[in-house]
Every structure is written in structure tokens, then in C-alpha cells.
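Each remark here refers to the structure printed beneath this line.
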Amino acid sequence: MPLYWDWCVCAEEVTGRKRLWLLTEKAGGREQIWALLLETVRTHYDHLDRIAADAARLGYEKAAEILRTRMPTDERARSGDFGEILASELAEDTLGFRIPVKRLRFKDGRNMALRGDDFIGVVVAEGSQLRLLKGESKSRQELAKPAITEGREALNRDDGRCTPESLLFVADRLLDSNDPADQALGRALRDEIGQKSLPPGRIDHMLFTLSGNAPPPSLKADLDGAGSDRSQYSVNLCVPDHGEFIGTVFVEAAKLGNA
């Protein structure tokens with residue numbers, strides 16, 4: 001967990017297939033992971049090798065301008081995107097899922113919210129069995145029950161399966177790859193859309209929340225009430241200076257080299 005373990009401490013509660021993770025920043029943790037965090041944010045909007053090629057060809061400032069064109073300027077859009085970024089990184093770092101498509105690279109307006117599942121994780125388990133992670137993220141200065149309820153409703157939509165449009169988007173991007181393994185995974189995802197063969201036990205759910213306040217009791221109550229036929233993960237990362245922190249992250253992530 002290269003980002004989170006140096007940054008946060010985690011209190012965990014486990015009941016059967018349900019896990020509640022409460023993350024808080026360590027003293028000095030933010031400073032320790034700052035450079036990695038900025039790089040991570042950049043990767044969700046563009047390929048690092050393309051950014052480097054822009055810088056070599058045009059210089060740092062013009063390359064930074066290209067990157068800024070992709071990144072949101074609106075406070076609410078930044079908050080939502082940042083929640084998705086942190087949720088995706090946590091899912092990959094801790095659960096063994098691969099988030100094969102960084103969907104923020106495909107926004108058709110930098111301040112617009114993307115529709116569909118916030119993040120989808122995939123893994124091919126032993127015996128070539130496909131397993132999926134359906135994820136929702138909520139980022140709020142003051143996290144309260146309505147946002148948690150909204151996230152749970154999204155997870156339960158489509159009988160708890162990844163929404164077909166979101167899964168097809170991931171599948172198509174994998175089929176565009178030159179990697180035969182990616183192409184095979186893309187075909188497997190398209191098959192799942194058509195066949196709906198995965199049982200609930202192989203479609204995990206994660207509700208990730210980023211907030212300026214400590215998580216309300218409704219977060220645990222929501223997890224307690226969630227279905228027990230699949231693995232359920234509820235996460236809160238508490239960052240007291242939520243809005244200021246997110247704003248600073250985006251301003252600094254849009255700077256390159258000596259720009």
C-alpha cells in the first residue's frame with residue numbers, strides 16, 4: 001500500500017465478509033507522500049510518458065498547460081475526481097484488484113462528472129475465474145447520511161452488478177490495447193455483459209468516502225445493512241482541511257518541473 005501506509009493509520013472492523021476501514025492521517029504522513037500523491041493525480045489524467053514527451057518537445061510550462069486542460073478547475077469537480085482517484089488507488093493497493101482503465105482521462109469536459117460506476121476493479125482468480133469490484137466514492141467536507149445512502153443505492157443498482165455501460169466502456173478500452181492479455185480480459189468482460197453469469201459472491205462492493213469530518217454513525221449502519229452475499233468494503237478517509245487540501249493538490253499537480 002505504497003501511498004496509504006506511509007500516509008495514514010487504519011482502524012479496521014471485520015464482520016464476516018464486511019470490512020469497515022477508518023483512515024486518518026499520520027503526523028507528518030502527508031509530507032512523506034506528497035510527491036507520490038501529485039504524480040498519482042497526474043496519472044489519472046494522462047500517461048506520464050506523454051507528459052514527459054510534451055515537456056521534452058515544448059518545455060515544462062507548455063506541457064503543464066496541456067495537463068491543466070484535462071484537470072478540473074471547479075471545486076466540486078475536483079472533490080469528486082479526487083475521491084475517485086483515492087478510491088481507485090486504495091482498491092488496487094489493498095484488495096488485489098486491477099483498475100484497468102483510468103476513466104478520468106476520457107472526460108469530455110474537465111468540470112463535468114462522468115456517468116456510471118465510479119471505478120471498476122477486475123481480477124482473474126485461480127482457475128481463470130473472473131472477479132469484479134463495483135465501487136462508488138463520495139467526497140464531502142461534511143459527510144452525512146444522504147451521501148452514504150446515495151452511494152449505497154448506486155452500488156445496489158442493476159442487481160448489484162457493474163452497470164453494463166460502465167463495464168462495456170472498460171471492455172472496449174482493453175480491446176483497444178495491443179496486449180493479448182488485455183484483449184482477452186476485454187472479451188471476458190463483454191461476455192459477462194451478455195451472459196450475466198457472475199454470482200453476487202464474485203462481485204464485491206466498495207463505498208469509499210473522503211471527508212473533512214469524522215464518519216457519521218450512518219456509515220457503519222449502512223455497512224451493517226448491506227447484503228452479506230458478497231464482500232463489502234466501506235472506507236472513510238478523514239482529512240480535516242478537506243477543501244483546502246484538495247485545492248492545493250490540484251494546483252501543485254498541474255505544475256511540472258520548473259514551471
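Residue numbering restarts at 1 in every chain; chains get A, B, ... in the order shown in the C-alpha cells, and ligands count up from 1 in that same order.
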Could you name the residues that touch Asp159 of chain A at 10 Å or less, counting only C-alpha atoms, but leaving out those on the same chain fewer than 4 positions away, as a ChimeraX atom specification? /A:155,163,200
Export N, CA, C and O atoms of the chosen residues as a CSV table (one decimal), in the first residue's frame?
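selection_39.csv was written with the following content:
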chain,number,residue,atom,x,y,z
A,155,LEU,N,-24.5,1.4,-5.7
A,155,LEU,CA,-23.9,0.0,-5.6
A,155,LEU,C,-25.0,-1.0,-5.8
A,155,LEU,O,-24.7,-2.1,-6.5
A,163,THR,N,-22.7,-1.6,-13.8
A,163,THR,CA,-23.7,-1.2,-14.8
A,163,THR,C,-23.1,-1.6,-16.2
A,163,THR,O,-21.9,-1.4,-16.5
A,200,PRO,N,-23.3,-13.1,-7.2
A,200,PRO,CA,-23.0,-11.9,-6.3
A,200,PRO,C,-21.7,-12.1,-5.5
A,200,PRO,O,-21.0,-11.2,-5.3
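Of the listed residues A:Phe97, A:Arg187, A:Phe82, A:Leu223, the one whose atoms come nearest to Ala125 of chain A is A:Phe97, with distances taken using only C-alpha atoms.
If you measure from each of A:Ile120, A:Leu210, A:Ala181, A:Leu167 to Ile193 of chain A using only C-alpha atoms, the closest one turns out to be A:Leu167.
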May I ask for the distance between atom CA of Leu185 of chain A and atom CA of Gln129 of chain A, given in Å to one decimal place? 11.0 Å
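Proximity to Leu256 of chain A was assessed for A:Glu31, A:Glu153, A:Asp46, A:Glu61 counting only C-alpha atoms; the smallest distance is recorded for A:Glu61.
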Excluding Asp182 of chain A and any residue of its chain fewer than 5 positions from it, enumerate the residues within 10 Å of it, using only C-alpha atoms, and give them as a ChimeraX atom specification. /A:100,171,173-177,187-188
Atoms kept (N, CA and C atoms) for selection, written as a CSV table (one decimal), in the first residue's frame:
chain,number,residue,atom,x,y,z
A,100,PRO,N,-8.3,-1.3,-14.5
A,100,PRO,CA,-7.6,-1.3,-15.8
A,100,PRO,C,-7.7,0.0,-16.6
A,171,ALA,N,-14.3,-2.7,-21.1
A,171,ALA,CA,-14.0,-3.8,-22.0
A,171,ALA,C,-13.5,-3.2,-23.3
A,173,ARG,N,-12.0,-0.4,-23.9
A,173,ARG,CA,-10.6,0.2,-23.8
A,173,ARG,C,-9.6,-1.0,-23.8
A,174,LEU,N,-9.9,-2.1,-23.1
A,174,LEU,CA,-9.0,-3.2,-23.1
A,174,LEU,C,-8.8,-3.8,-24.4
A,175,LEU,N,-9.9,-3.9,-25.2
A,175,LEU,CA,-9.8,-4.5,-26.6
A,175,LEU,C,-9.0,-3.6,-27.5
A,176,ASP,N,-8.9,-2.3,-27.2
A,176,ASP,CA,-8.1,-1.4,-27.9
A,176,ASP,C,-6.6,-1.5,-27.7
A,177,SER,N,-6.2,-2.3,-26.6
A,177,SER,CA,-4.8,-2.5,-26.3
A,177,SER,C,-4.2,-3.4,-27.2
A,187,ARG,N,-12.6,-9.3,-23.7
A,187,ARG,CA,-13.6,-10.2,-24.2
A,187,ARG,C,-14.4,-10.9,-23.1
A,188,ALA,N,-13.7,-11.2,-22.0
A,188,ALA,CA,-14.3,-11.8,-20.8
A,188,ALA,C,-15.4,-10.8,-20.2
Using only C-alpha atoms, find each residue in segment 23-103 of chain A having at least one atom no more than 7 Å away from segment 1-10 of chain A; report its shortest atom-to-atom pair and that distance in Å (one decimal), rows by chain then rising number, as a Markdown table.
| residue | atom | partner | partner_atom | distance |
| --- | --- | --- | --- | --- |
| A:Leu23 | CA | A:Cys10 | CA | 4.6 |
| A:Thr24 | CA | A:Cys8 | CA | 5.2 |
| A:Glu25 | CA | A:Cys8 | CA | 4.3 |
| A:Lys26 | CA | A:Cys8 | CA | 5.0 |
| A:Gly29 | CA | A:Trp7 | CA | 4.1 |
| A:Arg30 | CA | A:Trp7 | CA | 5.6 |
| A:Gln32 | CA | A:Asp6 | CA | 6.9 |
| A:Ile33 | CA | A:Trp7 | CA | 6.3 |
| A:Asp93 | CA | A:Met1 | CA | 4.7 |
| A:Thr94 | CA | A:Met1 | CA | 6.1 |
